[in-house]
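Next comes query26.tsv, with TSV, C-alpha atoms and all ligand atoms.
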```tsv
chain	number	residue	atom	x	y	z
A	930	MET	CA	7.73	19.81	17.50
A	931	ALA	CA	9.12	18.46	14.22
A	932	PRO	CA	7.19	15.42	12.93
A	933	SER	CA	8.93	12.03	13.14
A	934	THR	CA	11.12	11.02	10.24
A	935	HIS	CA	10.81	7.33	11.22
A	936	PHE	CA	8.39	5.11	13.10
A	937	LYS	CA	9.08	1.88	14.94
A	938	LEU	CA	7.64	-1.44	13.80
A	939	ASN	CA	6.61	-4.08	16.33
A	940	THR	CA	9.74	-5.99	15.27
A	941	GLY	CA	11.85	-3.17	16.71
A	942	ALA	CA	12.99	-2.04	13.24
A	943	ARG	CA	12.71	1.56	12.11
A	944	ILE	CA	10.64	2.46	9.05
A	945	PRO	CA	10.97	5.81	7.25
A	946	ALA	CA	7.76	7.82	7.65
A	947	VAL	CA	7.58	8.70	3.94
A	948	GLY	CA	8.04	6.15	1.17
A	949	LEU	CA	7.89	6.50	-2.62
A	950	GLY	CA	4.82	4.81	-4.15
A	951	THR	CA	5.28	3.01	-7.48
A	952	TRP	CA	1.79	1.96	-8.60
A	953	ARG	CA	1.06	3.22	-12.16
A	954	SER	CA	4.62	4.53	-12.40
A	955	GLN	CA	5.16	3.96	-16.09
A	956	PRO	CA	7.85	1.75	-17.54
A	957	GLY	CA	10.55	4.09	-18.75
A	958	GLN	CA	9.85	6.50	-15.88
A	959	VAL	CA	9.87	4.44	-12.71
A	960	ARG	CA	13.53	3.47	-12.91
A	961	GLN	CA	14.59	7.08	-13.03
A	962	ALA	CA	12.04	8.11	-10.39
A	963	VAL	CA	13.29	5.51	-7.91
A	964	SER	CA	16.91	6.32	-8.51
A	965	PHE	CA	16.23	10.07	-8.25
A	966	ALA	CA	14.23	9.64	-5.04
A	967	LEU	CA	16.95	7.56	-3.37
A	968	LYS	CA	19.58	10.13	-4.33
A	969	ASN	CA	17.38	12.93	-2.99
A	970	GLY	CA	16.50	11.96	0.53
A	971	TYR	CA	14.14	8.98	0.26
A	972	SER	CA	15.14	5.68	1.81
A	973	HIS	CA	11.82	3.86	1.50
A	974	ILE	CA	10.29	2.35	-1.66
A	975	ASP	CA	6.85	0.77	-1.85
A	976	ALA	CA	6.66	-1.84	-4.61
A	977	ALA	CA	4.38	-4.73	-5.59
A	978	LEU	CA	4.47	-7.66	-7.99
A	979	ILE	CA	1.11	-6.66	-9.48
A	980	TYR	CA	2.37	-3.20	-10.44
A	981	GLY	CA	4.28	-4.94	-13.23
A	982	ASN	CA	7.32	-2.71	-12.81
A	983	GLU	CA	9.37	-4.34	-10.04
A	984	HIS	CA	12.20	-5.11	-12.43
A	985	GLU	CA	12.55	-1.40	-13.23
A	986	VAL	CA	12.18	-0.46	-9.58
A	987	GLY	CA	15.10	-2.81	-8.92
A	988	GLN	CA	17.12	-1.17	-11.68
A	989	GLY	CA	16.39	2.24	-10.16
A	990	ILE	CA	17.58	1.03	-6.77
A	991	LYS	CA	20.79	-0.23	-8.36
A	992	ASP	CA	21.31	2.96	-10.39
A	993	SER	CA	21.03	5.07	-7.24
A	994	GLY	CA	24.23	3.61	-5.85
A	995	VAL	CA	22.69	3.69	-2.37
A	996	PRO	CA	23.75	0.60	-0.39
A	997	ARG	CA	20.95	-1.94	0.01
A	998	GLU	CA	21.15	-1.79	3.82
A	999	ASN	CA	20.30	1.92	3.71
A	1000	ILE	CA	17.03	1.34	1.85
A	1001	PHE	CA	13.74	0.12	3.28
A	1002	ILE	CA	12.02	-1.95	0.59
A	1003	THR	CA	8.41	-3.10	0.86
A	1004	SER	CA	6.68	-5.40	-1.56
A	1005	LYS	CA	3.39	-7.26	-1.65
A	1006	LEU	CA	2.19	-10.81	-2.05
A	1007	TRP	CA	-0.18	-10.84	-4.98
A	1008	ASN	CA	-3.58	-12.57	-4.67
A	1009	THR	CA	-2.78	-15.49	-7.00
A	1010	HIS	CA	0.21	-16.46	-4.84
A	1011	GLN	CA	-1.64	-16.81	-1.55
A	1012	PRO	CA	-1.32	-20.63	-1.52
A	1013	ASN	CA	2.40	-20.38	-2.23
A	1014	VAL	CA	3.84	-17.37	-0.50
A	1015	ALA	CA	7.48	-18.42	-0.89
A	1016	GLU	CA	7.05	-18.61	-4.67
A	1017	GLY	CA	5.39	-15.18	-4.89
A	1018	LEU	CA	8.12	-13.71	-2.72
A	1019	GLN	CA	10.88	-15.22	-4.85
A	1020	LYS	CA	9.42	-13.62	-8.00
A	1021	THR	CA	9.55	-10.25	-6.29
A	1022	LEU	CA	13.07	-10.77	-4.96
A	1023	ASP	CA	14.28	-11.79	-8.42
A	1024	ALA	CA	12.61	-8.81	-10.09
A	1025	LEU	CA	13.91	-6.31	-7.55
A	1026	GLY	CA	17.38	-7.86	-7.56
A	1027	THR	CA	17.62	-8.23	-3.80
A	1028	ASP	CA	17.78	-11.25	-1.52
A	1029	TYR	CA	15.56	-9.89	1.24
A	1030	LEU	CA	12.77	-7.41	1.86
A	1031	ASP	CA	12.39	-5.09	4.82
A	1032	LEU	CA	8.64	-5.61	4.75
A	1033	TYR	CA	6.36	-8.01	2.87
A	1034	VAL	CA	2.60	-7.48	3.01
A	1035	THR	CA	-0.35	-9.42	1.64
A	1036	GLN	CA	-1.84	-7.14	-1.01
A	1037	THR	CA	-5.46	-8.00	-0.20
A	1038	SER	CA	-7.52	-10.51	1.75
A	1039	SER	CA	-8.73	-12.13	-1.49
A	1040	PHE	CA	-7.30	-15.23	-3.15
A	1041	PHE	CA	-7.60	-15.27	-6.95
A	1042	SER	CA	-7.83	-18.89	-7.99
A	1043	PRO	CA	-5.94	-19.70	-11.20
A	1044	LEU	CA	-8.57	-22.41	-11.81
A	1045	GLY	CA	-10.87	-19.70	-13.10
A	1046	GLN	CA	-8.48	-18.76	-15.88
A	1047	THR	CA	-10.44	-19.99	-18.86
A	1048	GLN	CA	-9.88	-16.70	-20.65
A	1049	GLN	CA	-6.29	-16.37	-19.57
A	1050	SER	CA	-3.96	-14.70	-21.98
A	1051	THR	CA	-0.78	-16.55	-22.86
A	1052	ASN	CA	1.20	-13.68	-21.43
A	1053	THR	CA	2.43	-14.66	-18.00
A	1054	THR	CA	3.21	-11.10	-17.07
A	1055	ILE	CA	0.68	-8.36	-16.58
A	1056	SER	CA	-1.25	-7.97	-19.79
A	1057	SER	CA	-2.55	-4.44	-19.94
A	1058	SER	CA	-1.54	-2.37	-22.92
A	1059	THR	CA	0.32	0.09	-20.73
A	1060	GLY	CA	2.42	-2.71	-19.26
A	1061	GLN	CA	1.03	-2.17	-15.79
A	1062	SER	CA	-2.07	-3.34	-14.08
A	1063	ASP	CA	-4.93	-1.13	-13.10
A	1064	LEU	CA	-5.15	-3.14	-9.97
A	1065	PHE	CA	-8.53	-2.09	-8.69
A	1066	LEU	CA	-10.61	-1.06	-11.63
A	1067	SER	CA	-9.73	-3.36	-14.46
A	1068	ASN	CA	-11.46	-6.54	-15.54
A	1069	GLU	CA	-8.54	-7.63	-17.69
A	1070	SER	CA	-7.47	-11.26	-17.74
A	1071	SER	CA	-3.98	-12.65	-17.28
A	1072	ALA	CA	-2.11	-15.16	-15.15
A	1073	LEU	CA	-2.10	-12.68	-12.29
A	1074	LEU	CA	-5.65	-11.53	-12.96
A	1075	PRO	CA	-7.64	-14.70	-13.67
A	1076	VAL	CA	-11.32	-14.59	-14.51
A	1077	ASN	CA	-14.18	-17.07	-14.38
A	1078	PRO	CA	-15.87	-18.31	-17.57
A	1079	ASP	CA	-18.47	-15.54	-17.15
A	1080	GLY	CA	-15.72	-12.89	-17.12
A	1081	THR	CA	-15.98	-12.09	-13.41
A	1082	ARG	CA	-12.82	-12.03	-11.33
A	1083	SER	CA	-11.89	-15.50	-10.09
A	1084	VAL	CA	-12.02	-14.83	-6.34
A	1085	ASP	CA	-12.01	-17.98	-4.20
A	1086	ARG	CA	-13.90	-16.90	-1.09
A	1087	SER	CA	-13.47	-20.31	0.51
A	1088	TRP	CA	-9.70	-19.83	0.83
A	1089	ASP	CA	-8.56	-19.67	4.45
A	1090	GLN	CA	-6.63	-16.43	4.98
A	1091	SER	CA	-5.02	-17.82	8.12
A	1092	GLU	CA	-3.18	-20.31	5.86
A	1093	THR	CA	-1.78	-17.40	3.84
A	1094	TRP	CA	-0.71	-15.71	7.05
A	1095	ARG	CA	0.86	-18.97	8.32
A	1096	GLN	CA	3.00	-19.01	5.18
A	1097	MET	CA	3.85	-15.32	5.64
A	1098	GLU	CA	5.07	-16.25	9.13
A	1099	GLU	CA	7.18	-19.01	7.54
A	1100	VAL	CA	9.02	-16.70	5.14
A	1101	TYR	CA	9.60	-14.30	8.03
A	1102	LYS	CA	11.04	-17.07	10.21
A	1103	ALA	CA	13.20	-18.19	7.29
A	1104	GLY	CA	14.80	-14.73	7.28
A	1105	LYS	CA	13.70	-13.81	3.74
A	1106	VAL	CA	11.84	-10.74	5.01
A	1107	ASN	CA	12.48	-8.60	8.06
A	1108	ALA	CA	8.81	-7.89	8.78
A	1109	ILE	CA	5.42	-9.09	7.57
A	1110	GLY	CA	2.17	-7.19	7.33
A	1111	LEU	CA	-1.17	-6.76	5.64
A	1112	ALA	CA	-2.83	-4.40	3.21
A	1113	ASN	CA	-6.49	-3.58	2.82
A	1114	TRP	CA	-7.64	-5.34	6.00
A	1115	SER	CA	-10.66	-4.04	7.90
A	1116	ILE	CA	-11.48	-4.69	11.56
A	1117	PRO	CA	-13.81	-7.70	11.01
A	1118	TYR	CA	-11.14	-9.43	8.95
A	1119	LEU	CA	-8.41	-8.54	11.43
A	1120	GLU	CA	-10.51	-9.96	14.28
A	1121	GLU	CA	-10.77	-13.21	12.35
A	1122	LEU	CA	-7.07	-13.42	11.51
A	1123	LYS	CA	-6.13	-12.62	15.10
A	1124	LYS	CA	-7.62	-15.95	16.23
A	1125	ASN	CA	-4.77	-17.83	14.53
A	1126	TRP	CA	-1.83	-15.50	14.10
A	1127	THR	CA	1.32	-16.29	16.04
A	1128	ILE	CA	3.10	-13.20	14.73
A	1129	VAL	CA	1.24	-9.90	14.92
A	1130	PRO	CA	1.33	-8.10	11.54
A	1131	ALA	CA	3.77	-5.19	11.62
A	1132	VAL	CA	1.65	-2.94	9.38
A	1133	ASN	CA	-1.70	-2.59	7.69
A	1134	GLN	CA	-1.42	-0.60	4.45
A	1135	VAL	CA	-4.77	0.94	3.55
A	1136	GLU	CA	-6.30	3.84	1.65
A	1137	LEU	CA	-6.09	6.79	4.03
A	1138	HIS	CA	-6.61	10.52	3.62
A	1139	PRO	CA	-8.86	13.18	5.14
A	1140	PHE	CA	-11.86	11.84	3.16
A	1141	LEU	CA	-11.16	8.33	4.49
A	1142	PRO	CA	-9.44	8.72	7.88
A	1143	GLN	CA	-10.51	5.29	9.19
A	1144	HIS	CA	-10.38	6.39	12.83
A	1145	ALA	CA	-11.77	3.11	14.20
A	1146	LEU	CA	-9.26	1.07	12.22
A	1147	LYS	CA	-6.43	3.30	13.46
A	1148	GLU	CA	-7.53	2.78	17.05
A	1149	TRP	CA	-7.76	-1.01	16.58
A	1150	CYS	CA	-4.33	-1.17	14.96
A	1151	ASP	CA	-2.78	1.09	17.63
A	1152	GLU	CA	-4.15	-1.21	20.35
A	1153	HIS	CA	-2.57	-4.22	18.64
A	1154	GLY	CA	0.81	-2.65	17.85
A	1155	ILE	CA	0.14	-2.57	14.10
A	1156	LEU	CA	1.40	0.51	12.26
A	1157	LEU	CA	-0.92	1.97	9.64
A	1158	GLU	CA	0.45	2.96	6.23
A	1159	ALA	CA	-1.46	5.42	4.04
A	1160	TYR	CA	-1.82	4.69	0.36
A	1161	SER	CA	-3.38	7.07	-2.19
A	1162	PRO	CA	-2.70	10.00	0.17
A	1163	LEU	CA	-3.31	12.55	-2.61
A	1164	GLY	CA	-6.41	10.80	-3.88
A	1165	SER	CA	-4.49	8.64	-6.42
A	1166	GLU	CA	-4.19	9.42	-10.15
A	1167	GLY	CA	-4.19	13.19	-10.74
A	1168	ALA	CA	-4.12	13.99	-6.99
A	1169	PRO	CA	-7.80	15.10	-6.85
A	1170	LEU	CA	-7.81	15.77	-3.09
A	1171	MET	CA	-5.55	18.77	-3.64
A	1172	SER	CA	-8.53	20.80	-4.90
A	1173	GLU	CA	-10.55	20.40	-1.66
A	1174	PRO	CA	-11.08	23.98	-0.35
A	1175	ALA	CA	-10.49	23.05	3.32
A	1176	ILE	CA	-7.13	21.54	2.39
A	1177	GLN	CA	-6.19	24.52	0.25
A	1178	GLU	CA	-7.05	26.82	3.14
A	1179	ILE	CA	-4.80	24.93	5.57
A	1180	ALA	CA	-2.05	24.91	2.94
A	1181	GLN	CA	-2.30	28.66	2.45
A	1182	LYS	CA	-2.31	29.29	6.21
A	1183	ASN	CA	0.85	27.21	6.64
A	1184	GLY	CA	2.57	28.54	3.51
A	1185	VAL	CA	2.87	25.07	1.95
A	1186	SER	CA	1.24	23.21	-0.94
A	1187	PRO	CA	-1.97	21.15	-0.58
A	1188	ALA	CA	0.14	18.04	-1.33
A	1189	THR	CA	2.36	18.84	1.64
A	1190	VAL	CA	-0.73	19.15	3.88
A	1191	LEU	CA	-2.11	15.81	2.64
A	1192	ILE	CA	1.23	14.07	3.18
A	1193	SER	CA	2.01	15.73	6.51
A	1194	TYR	CA	-1.45	14.84	7.85
A	1195	HIS	CA	-0.42	11.18	8.14
A	1196	VAL	CA	2.97	11.66	9.69
A	1197	ASN	CA	1.41	14.02	12.26
A	1198	ARG	CA	-1.03	11.25	13.24
A	1199	GLY	CA	1.65	8.57	13.48
A	1200	VAL	CA	1.03	6.92	10.11
A	1201	VAL	CA	3.51	6.04	7.34
A	1202	VAL	CA	2.65	7.75	4.03
A	1203	LEU	CA	3.39	6.55	0.49
A	1204	PRO	CA	2.95	9.32	-2.11
A	1205	LYS	CA	3.61	8.28	-5.70
A	1206	SER	CA	5.23	10.53	-8.25
A	1207	THR	CA	7.52	10.16	-11.22
A	1208	THR	CA	7.96	13.95	-11.50
A	1209	GLU	CA	11.27	15.06	-10.04
A	1210	ASN	CA	10.19	18.33	-8.38
A	1211	ARG	CA	7.16	16.59	-6.85
A	1212	ILE	CA	9.26	13.69	-5.60
A	1213	VAL	CA	11.40	16.22	-3.75
A	1214	SER	CA	8.54	18.32	-2.38
A	1215	ASN	CA	6.54	15.26	-1.31
A	1216	SER	CA	9.30	14.30	1.10
A	1217	HIS	CA	8.86	17.52	3.06
A	1218	VAL	CA	6.69	17.02	6.10
A	1219	VAL	CA	5.54	19.95	8.25
A	1220	PRO	CA	4.03	20.04	11.74
A	1221	LEU	CA	0.29	20.72	11.71
A	1222	SER	CA	-1.53	22.35	14.62
A	1223	ARG	CA	-4.16	20.54	16.67
A	1224	GLY	CA	-6.75	22.82	15.04
A	1225	ASP	CA	-5.64	21.91	11.51
A	1226	MET	CA	-5.60	18.20	12.40
A	1227	ASP	CA	-9.12	18.49	13.83
A	1228	VAL	CA	-10.35	20.01	10.58
A	1229	LEU	CA	-8.67	17.28	8.50
A	1230	ASN	CA	-9.87	14.51	10.82
A	1231	GLY	CA	-13.43	15.84	10.66
A	1232	LEU	CA	-13.95	16.23	6.89
A	1233	ALA	CA	-15.28	12.69	6.35
A	1234	VAL	CA	-18.01	12.88	8.98
A	1235	GLN	CA	-19.02	16.25	7.60
A	1236	GLY	CA	-20.13	14.65	4.36
A	1237	LYS	CA	-16.86	14.34	2.44
A	1238	ALA	CA	-16.32	10.61	3.09
A	1239	LYS	CA	-15.05	8.98	-0.05
A	1240	ARG	CA	-13.20	5.82	-1.02
A	1241	ILE	CA	-11.25	6.14	-4.26
A	1242	ASN	CA	-10.01	2.59	-4.81
A	1243	THR	CA	-12.91	0.19	-5.03
A	1244	PRO	CA	-12.02	-2.88	-7.05
A	1245	LEU	CA	-14.55	-4.53	-9.32
A	1246	PHE	CA	-13.96	-7.81	-7.50
A	1247	GLY	CA	-15.14	-6.21	-4.23
A	1248	TRP	CA	-13.35	-6.16	-0.93
A	1249	ASP	CA	-15.92	-8.12	1.08
A	1250	LEU	CA	-15.40	-5.68	3.87
A	1251	GLY	CA	-18.81	-4.25	4.70
A	1252	PHE	CA	-17.66	-0.83	3.57
A	1253	ASP	CA	-20.89	1.02	4.01
A	1254	ASP	CA	-20.45	1.99	7.63
A	1255	TRP	CA	-17.11	1.20	9.11
A	1256	TYR	CA	-14.91	3.34	6.92
A	1257	LYS	CA	-16.67	6.55	7.79
A	1258	GLN	CA	-15.96	6.17	11.50
A	1301	LIG	N1	-1.63	-1.81	-0.96
A	1301	LIG	C1	-2.43	-1.42	-1.92
A	1301	LIG	O1	-3.40	-2.10	-2.27
A	1301	LIG	C2	-2.17	-0.09	-2.57
A	1301	LIG	C3	-3.18	0.51	-3.34
A	1301	LIG	C4	-2.92	1.75	-3.92
A	1301	LIG	C5	-1.70	2.35	-3.76
A	1301	LIG	N2	-0.72	1.74	-3.03
A	1301	LIG	C6	0.63	2.38	-2.84
A	1301	LIG	O2	0.46	3.73	-2.48
A	1301	LIG	C7	1.10	4.57	-3.44
A	1301	LIG	C8	0.41	5.92	-3.56
A	1301	LIG	O3	-0.93	5.81	-3.97
A	1301	LIG	P1	-1.43	6.20	-5.44
A	1301	LIG	O4	-0.37	5.88	-6.41
A	1301	LIG	O5	-2.76	5.57	-5.60
A	1301	LIG	O6	-1.69	7.76	-5.44
A	1301	LIG	P2	-1.21	9.13	-4.78
A	1301	LIG	O7	0.16	9.02	-4.25
A	1301	LIG	O8	-2.30	9.56	-3.87
A	1301	LIG	O9	-1.27	10.10	-6.05
A	1301	LIG	C9	-0.45	9.91	-7.16
A	1301	LIG	C10	-0.84	10.96	-8.22
A	1301	LIG	O10	-0.60	12.27	-7.71
A	1301	LIG	C11	0.29	12.96	-8.58
A	1301	LIG	N3	1.16	13.76	-7.69
A	1301	LIG	C12	2.12	13.30	-6.86
A	1301	LIG	N4	2.67	14.30	-6.15
A	1301	LIG	C13	2.07	15.43	-6.56
A	1301	LIG	C14	2.23	16.79	-6.21
A	1301	LIG	N5	3.12	17.18	-5.29
A	1301	LIG	N6	1.44	17.72	-6.84
A	1301	LIG	C15	0.54	17.33	-7.76
A	1301	LIG	N7	0.33	16.03	-8.13
A	1301	LIG	C16	1.10	15.10	-7.54
A	1301	LIG	C17	1.03	11.89	-9.35
A	1301	LIG	O11	1.45	12.38	-10.60
A	1301	LIG	P3	2.96	12.25	-11.17
A	1301	LIG	O12	3.46	10.86	-10.89
A	1301	LIG	O13	2.76	12.52	-12.62
A	1301	LIG	O14	3.77	13.31	-10.48
A	1301	LIG	C18	-0.07	10.84	-9.50
A	1301	LIG	O15	-0.93	11.18	-10.57
A	1301	LIG	C19	1.06	3.71	-4.72
A	1301	LIG	O16	1.91	4.19	-5.71
A	1301	LIG	C20	1.42	2.36	-4.15
A	1301	LIG	O17	2.80	2.25	-3.91
A	1301	LIG	C21	-0.95	0.54	-2.42
```

Any chance you could put this one into structure tokens?
Amino acid sequence: MAPSTHFKLNTGARIPAVGLGTWRSQPGQVRQAVSFALKNGYSHIDAALIYGNEHEVGQGIKDSGVPRENIFITSKLWNTHQPNVAEGLQKTLDALGTDYLDLYVTQTSSFFSPLGQTQQSTNTTISSSTGQSDLFLSNESSALLPVNPDGTRSVDRSWDQSETWRQMEEVYKAGKVNAIGLANWSIPYLEELKKNWTIVPAVNQVELHPFLPQHALKEWCDEHGILLEAYSPLGSEGAPLMSEPAIQEIAQKNGVSPATVLISYHVNRGVVVLPKSTTENRIVSNSHVVPLSRGDMDVLNGLAVQGKAKRINTPLFGWDLGFDDWYKQ
């Protein structure tokens, strides 16, 4: 059977199964990549304020000529805006040049307190030399990436995440976004948030691939009607997972590329997938999803427990998630 082209959110809305990622998509390239993708079969763009390129993503959307209502746009509440969700959202809407989002997710479960910004640069945009933030690995300092006097990331662990979620529910009820969700939430954190949510998150966007299948998280989210979205499906920068022999073998057997196997893996297990590319032929090929046999899925689902378990994105500020055990399940 052909894999789904769309999944259903718990709001009833349809979400395209494959979306174009935009993290580390360079200024000068991302505009063209977004426009090209939308003109070549994509209808789903995954953006974020912290990527520092939402303005260009918005220009790409406009250039494409595709009507706004035919595009599913996701963006993310950045950590510094957790106490003022409406303000963070407005910055994103302004940058993208749209008056609503199809999906707005909290980027992490960490609040970065601006009070720690003693080394803040005067630049109010993202301050890295490439013009985009290395979200997970950098220790740079800027208004969006505040640090404490000792140079550590200014994470306020006392901040109540249920207050952030309450404000997410507010922007949803105000009609500014058609769905709200989470990113980078593990089961212990979800259990905590569940005590106070009045709207169940529509998605949880997390790192997912055969080295990090997160089976227990998938089961928990399935039980609660939360759709998983896979980020870094190719292993992030440079697509390192493509060189895994087991993946190459499945690719050869099916007459497709390793990237197609890694992307199709998610759609075959009922998960949205967000491959990033600014290379035109890859943008096109990454949108092709093939059916994978039960046997192939078993191999892919089993790689992590057979010693390949690996998380690629581990931020210096830490996730606070008790990673050691749960992610291998
Ligand atoms: N919520 C979060 O916290 C979070 C975190 C990370 C990522 N994300 C989202 O998920 C998206 C995807 O994750 P990612 O950007 O980390 O990495 P990814 O999609 O796993 O990999 C991107 C890398 O693979 C290369 N690539 C793409 N297609 C390829 C192909 N067919 N053959 C060979 N190489 C290929 C890209 O190069 P070229 O561009 O040069 O083609 C780029 O270097 C992000 O862009 C972002 O939208 C969200």

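By chain and then residue number, the residues within 9 Å of Leu1157 of chain A are Ala1131, Val1132, Asn1133, Gln1134, Val1135, Leu1146, Lys1147, Cys1150, Asp1151, Gly1199, Val1200, Val1201 and Val1202 of chain A, counting only C-alpha atoms and disregarding those fewer than 4 positions away in sequence.
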
* To do: Can you tell me which residues come within 6 Å of ligand LIG 1301 (chain A) when counting all atoms listed in the file, ideally as a ChimeraX atom specification?
  => /A:950-952,975-976,1036,1112,1134,1160-1168,1188,1203-1208,1211,1215

Just the residues within 7 Å of Ile944 of chain A, please, counting only C-alpha atoms, with nothing from its chain fewer than 4 positions along; format it as a compact mmCIF listing (two decimals) with C-alpha atoms, in the coordinates of the input.
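Contents of the output file out.txt:
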```txt
# COMPACT_ATOMS: atom_id res chain seq x y z
CA HIS A 935 10.81 7.33 11.22
CA PHE A 936 8.39 5.11 13.10
CA LYS A 937 9.08 1.88 14.94
CA LEU A 938 7.64 -1.44 13.80
CA PHE A 1001 13.74 0.12 3.28
```

* To do: List the residues sitting within 12 Å of (-7.9, -12.8, 7.1) in the file's frame, using only C-alpha atoms, as an NGL selection string.
  => :A and (1011 or 1035-1040 or 1086-1095 or 1110-1126 or 1130 or 1133 or 1248-1250)

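Going from atom CA of Tyr1029 of chain A to atom CA of Arg997 of chain A covers 9.7 Å.
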
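The smallest atom-to-atom distance between Glu1136 of chain A and any of A:Ser972, A:Asn1242, A:Asn1013, A:Thr940, using all atoms listed in the file, is found for A:Asn1242.
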
* Structure fact -> In terms of all atoms listed in the file, the residue from A:Glu998, A:Glu985, A:Asp992, A:Glu1173 at minimal distance from Ala1024 of chain A is A:Glu985

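Distances from A:Gly1231, A:Gly941, A:Pro956, A:Pro996 to Gly981 of chain A were compared using all atoms listed in the file, and the smallest one belongs to A:Pro956.
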
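Counting only C-alpha atoms, the residue from A:Leu978, A:Ala1233, A:Leu1018, A:Val959 that sits nearest to Ile990 of chain A is A:Val959.
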
* Asked: Between A:Ser933, A:Ser1186, A:Thr1127, A:Ser1216, which has the minimum distance to Gln1096 of chain A (counting all atoms listed in the file)?
  -> A:Thr1127

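Here atom CA of Val963 of chain A stands at a distance of 26.1 Å from atom CA of Val1100 of chain A.
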
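Atom pair atom CA of Gly948 of chain A / atom CA of Lys1182 of chain A has a distance of 25.8 Å (rounded to one decimal).
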
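Among the candidate residues A:Val995, A:Gly1154, A:Asp1028, A:Leu1170, the one lying nearest to Asn969 of chain A is A:Val995, with distances computed using only C-alpha atoms.
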
* Asked: Contacts of Val1084 of chain A at 9 Å or less, counting only C-alpha atoms, minus same-chain residues fewer than 2 places along, as a PyMOL selection string?
  -> chain A and resi 1008+1039-1042+1045+1075-1077+1081-1082+1086-1087+1246

* To do: Taking the point (-2.5, 14.7, 14.1) as given in the file, collect each protein or nucleic acid residue that comes within 9 Å of it, counting only C-alpha atoms, and present the set as a ChimeraX atom specification.
  => /A:1193-1199,1220-1223,1225-1227,1229-1230

Repair of segment 1088-1103 of chain A at the level of N, CA and C atoms, as a PDB file, keeping the file's coordinate frame:
```pdb
ATOM      1  N   TRP A1088     -11.113 -19.719   0.411  1.00  0.00           N
ATOM      2  CA  TRP A1088      -9.700 -19.830   0.830  1.00  0.00           C
ATOM      3  C   TRP A1088      -9.523 -19.283   2.247  1.00  0.00           C
ATOM      4  N   ASP A1089      -8.768 -20.034   3.050  1.00  0.00           N
ATOM      5  CA  ASP A1089      -8.560 -19.670   4.450  1.00  0.00           C
ATOM      6  C   ASP A1089      -7.379 -18.686   4.558  1.00  0.00           C
ATOM      7  N   GLN A1090      -7.674 -17.452   4.905  1.00  0.00           N
ATOM      8  CA  GLN A1090      -6.630 -16.430   4.980  1.00  0.00           C
ATOM      9  C   GLN A1090      -5.605 -16.720   6.073  1.00  0.00           C
ATOM     10  N   SER A1091      -6.001 -17.513   7.069  1.00  0.00           N
ATOM     11  CA  SER A1091      -5.020 -17.820   8.120  1.00  0.00           C
ATOM     12  C   SER A1091      -3.916 -18.731   7.571  1.00  0.00           C
ATOM     13  N   GLU A1092      -4.226 -19.488   6.500  1.00  0.00           N
ATOM     14  CA  GLU A1092      -3.180 -20.310   5.860  1.00  0.00           C
ATOM     15  C   GLU A1092      -2.186 -19.388   5.137  1.00  0.00           C
ATOM     16  N   THR A1093      -2.700 -18.365   4.475  1.00  0.00           N
ATOM     17  CA  THR A1093      -1.780 -17.400   3.840  1.00  0.00           C
ATOM     18  C   THR A1093      -0.888 -16.760   4.886  1.00  0.00           C
ATOM     19  N   TRP A1094      -1.506 -16.360   6.002  1.00  0.00           N
ATOM     20  CA  TRP A1094      -0.710 -15.710   7.050  1.00  0.00           C
ATOM     21  C   TRP A1094       0.300 -16.679   7.654  1.00  0.00           C
ATOM     22  N   ARG A1095      -0.083 -17.964   7.804  1.00  0.00           N
ATOM     23  CA  ARG A1095       0.860 -18.970   8.320  1.00  0.00           C
ATOM     24  C   ARG A1095       2.097 -19.023   7.415  1.00  0.00           C
ATOM     25  N   GLN A1096       1.864 -18.970   6.105  1.00  0.00           N
ATOM     26  CA  GLN A1096       3.000 -19.010   5.180  1.00  0.00           C
ATOM     27  C   GLN A1096       3.802 -17.702   5.215  1.00  0.00           C
ATOM     28  N   MET A1097       3.124 -16.589   5.461  1.00  0.00           N
ATOM     29  CA  MET A1097       3.850 -15.320   5.640  1.00  0.00           C
ATOM     30  C   MET A1097       4.767 -15.438   6.865  1.00  0.00           C
ATOM     31  N   GLU A1098       4.248 -16.049   7.918  1.00  0.00           N
ATOM     32  CA  GLU A1098       5.070 -16.250   9.130  1.00  0.00           C
ATOM     33  C   GLU A1098       6.280 -17.134   8.807  1.00  0.00           C
ATOM     34  N   GLU A1099       6.077 -18.118   7.924  1.00  0.00           N
ATOM     35  CA  GLU A1099       7.180 -19.010   7.540  1.00  0.00           C
ATOM     36  C   GLU A1099       8.303 -18.262   6.834  1.00  0.00           C
ATOM     37  N   VAL A1100       7.952 -17.415   5.864  1.00  0.00           N
ATOM     38  CA  VAL A1100       9.020 -16.700   5.140  1.00  0.00           C
ATOM     39  C   VAL A1100       9.727 -15.704   6.057  1.00  0.00           C
ATOM     40  N   TYR A1101       8.977 -15.191   7.028  1.00  0.00           N
ATOM     41  CA  TYR A1101       9.600 -14.300   8.030  1.00  0.00           C
ATOM     42  C   TYR A1101      10.594 -15.090   8.875  1.00  0.00           C
ATOM     43  N   LYS A1102      10.147 -16.252   9.353  1.00  0.00           N
ATOM     44  CA  LYS A1102      11.040 -17.070  10.210  1.00  0.00           C
ATOM     45  C   LYS A1102      12.253 -17.552   9.430  1.00  0.00           C
ATOM     46  N   ALA A1103      12.076 -17.739   8.117  1.00  0.00           N
ATOM     47  CA  ALA A1103      13.200 -18.190   7.290  1.00  0.00           C
ATOM     48  C   ALA A1103      14.196 -17.061   7.007  1.00  0.00           C
TER      49      ALA A1103
END
```
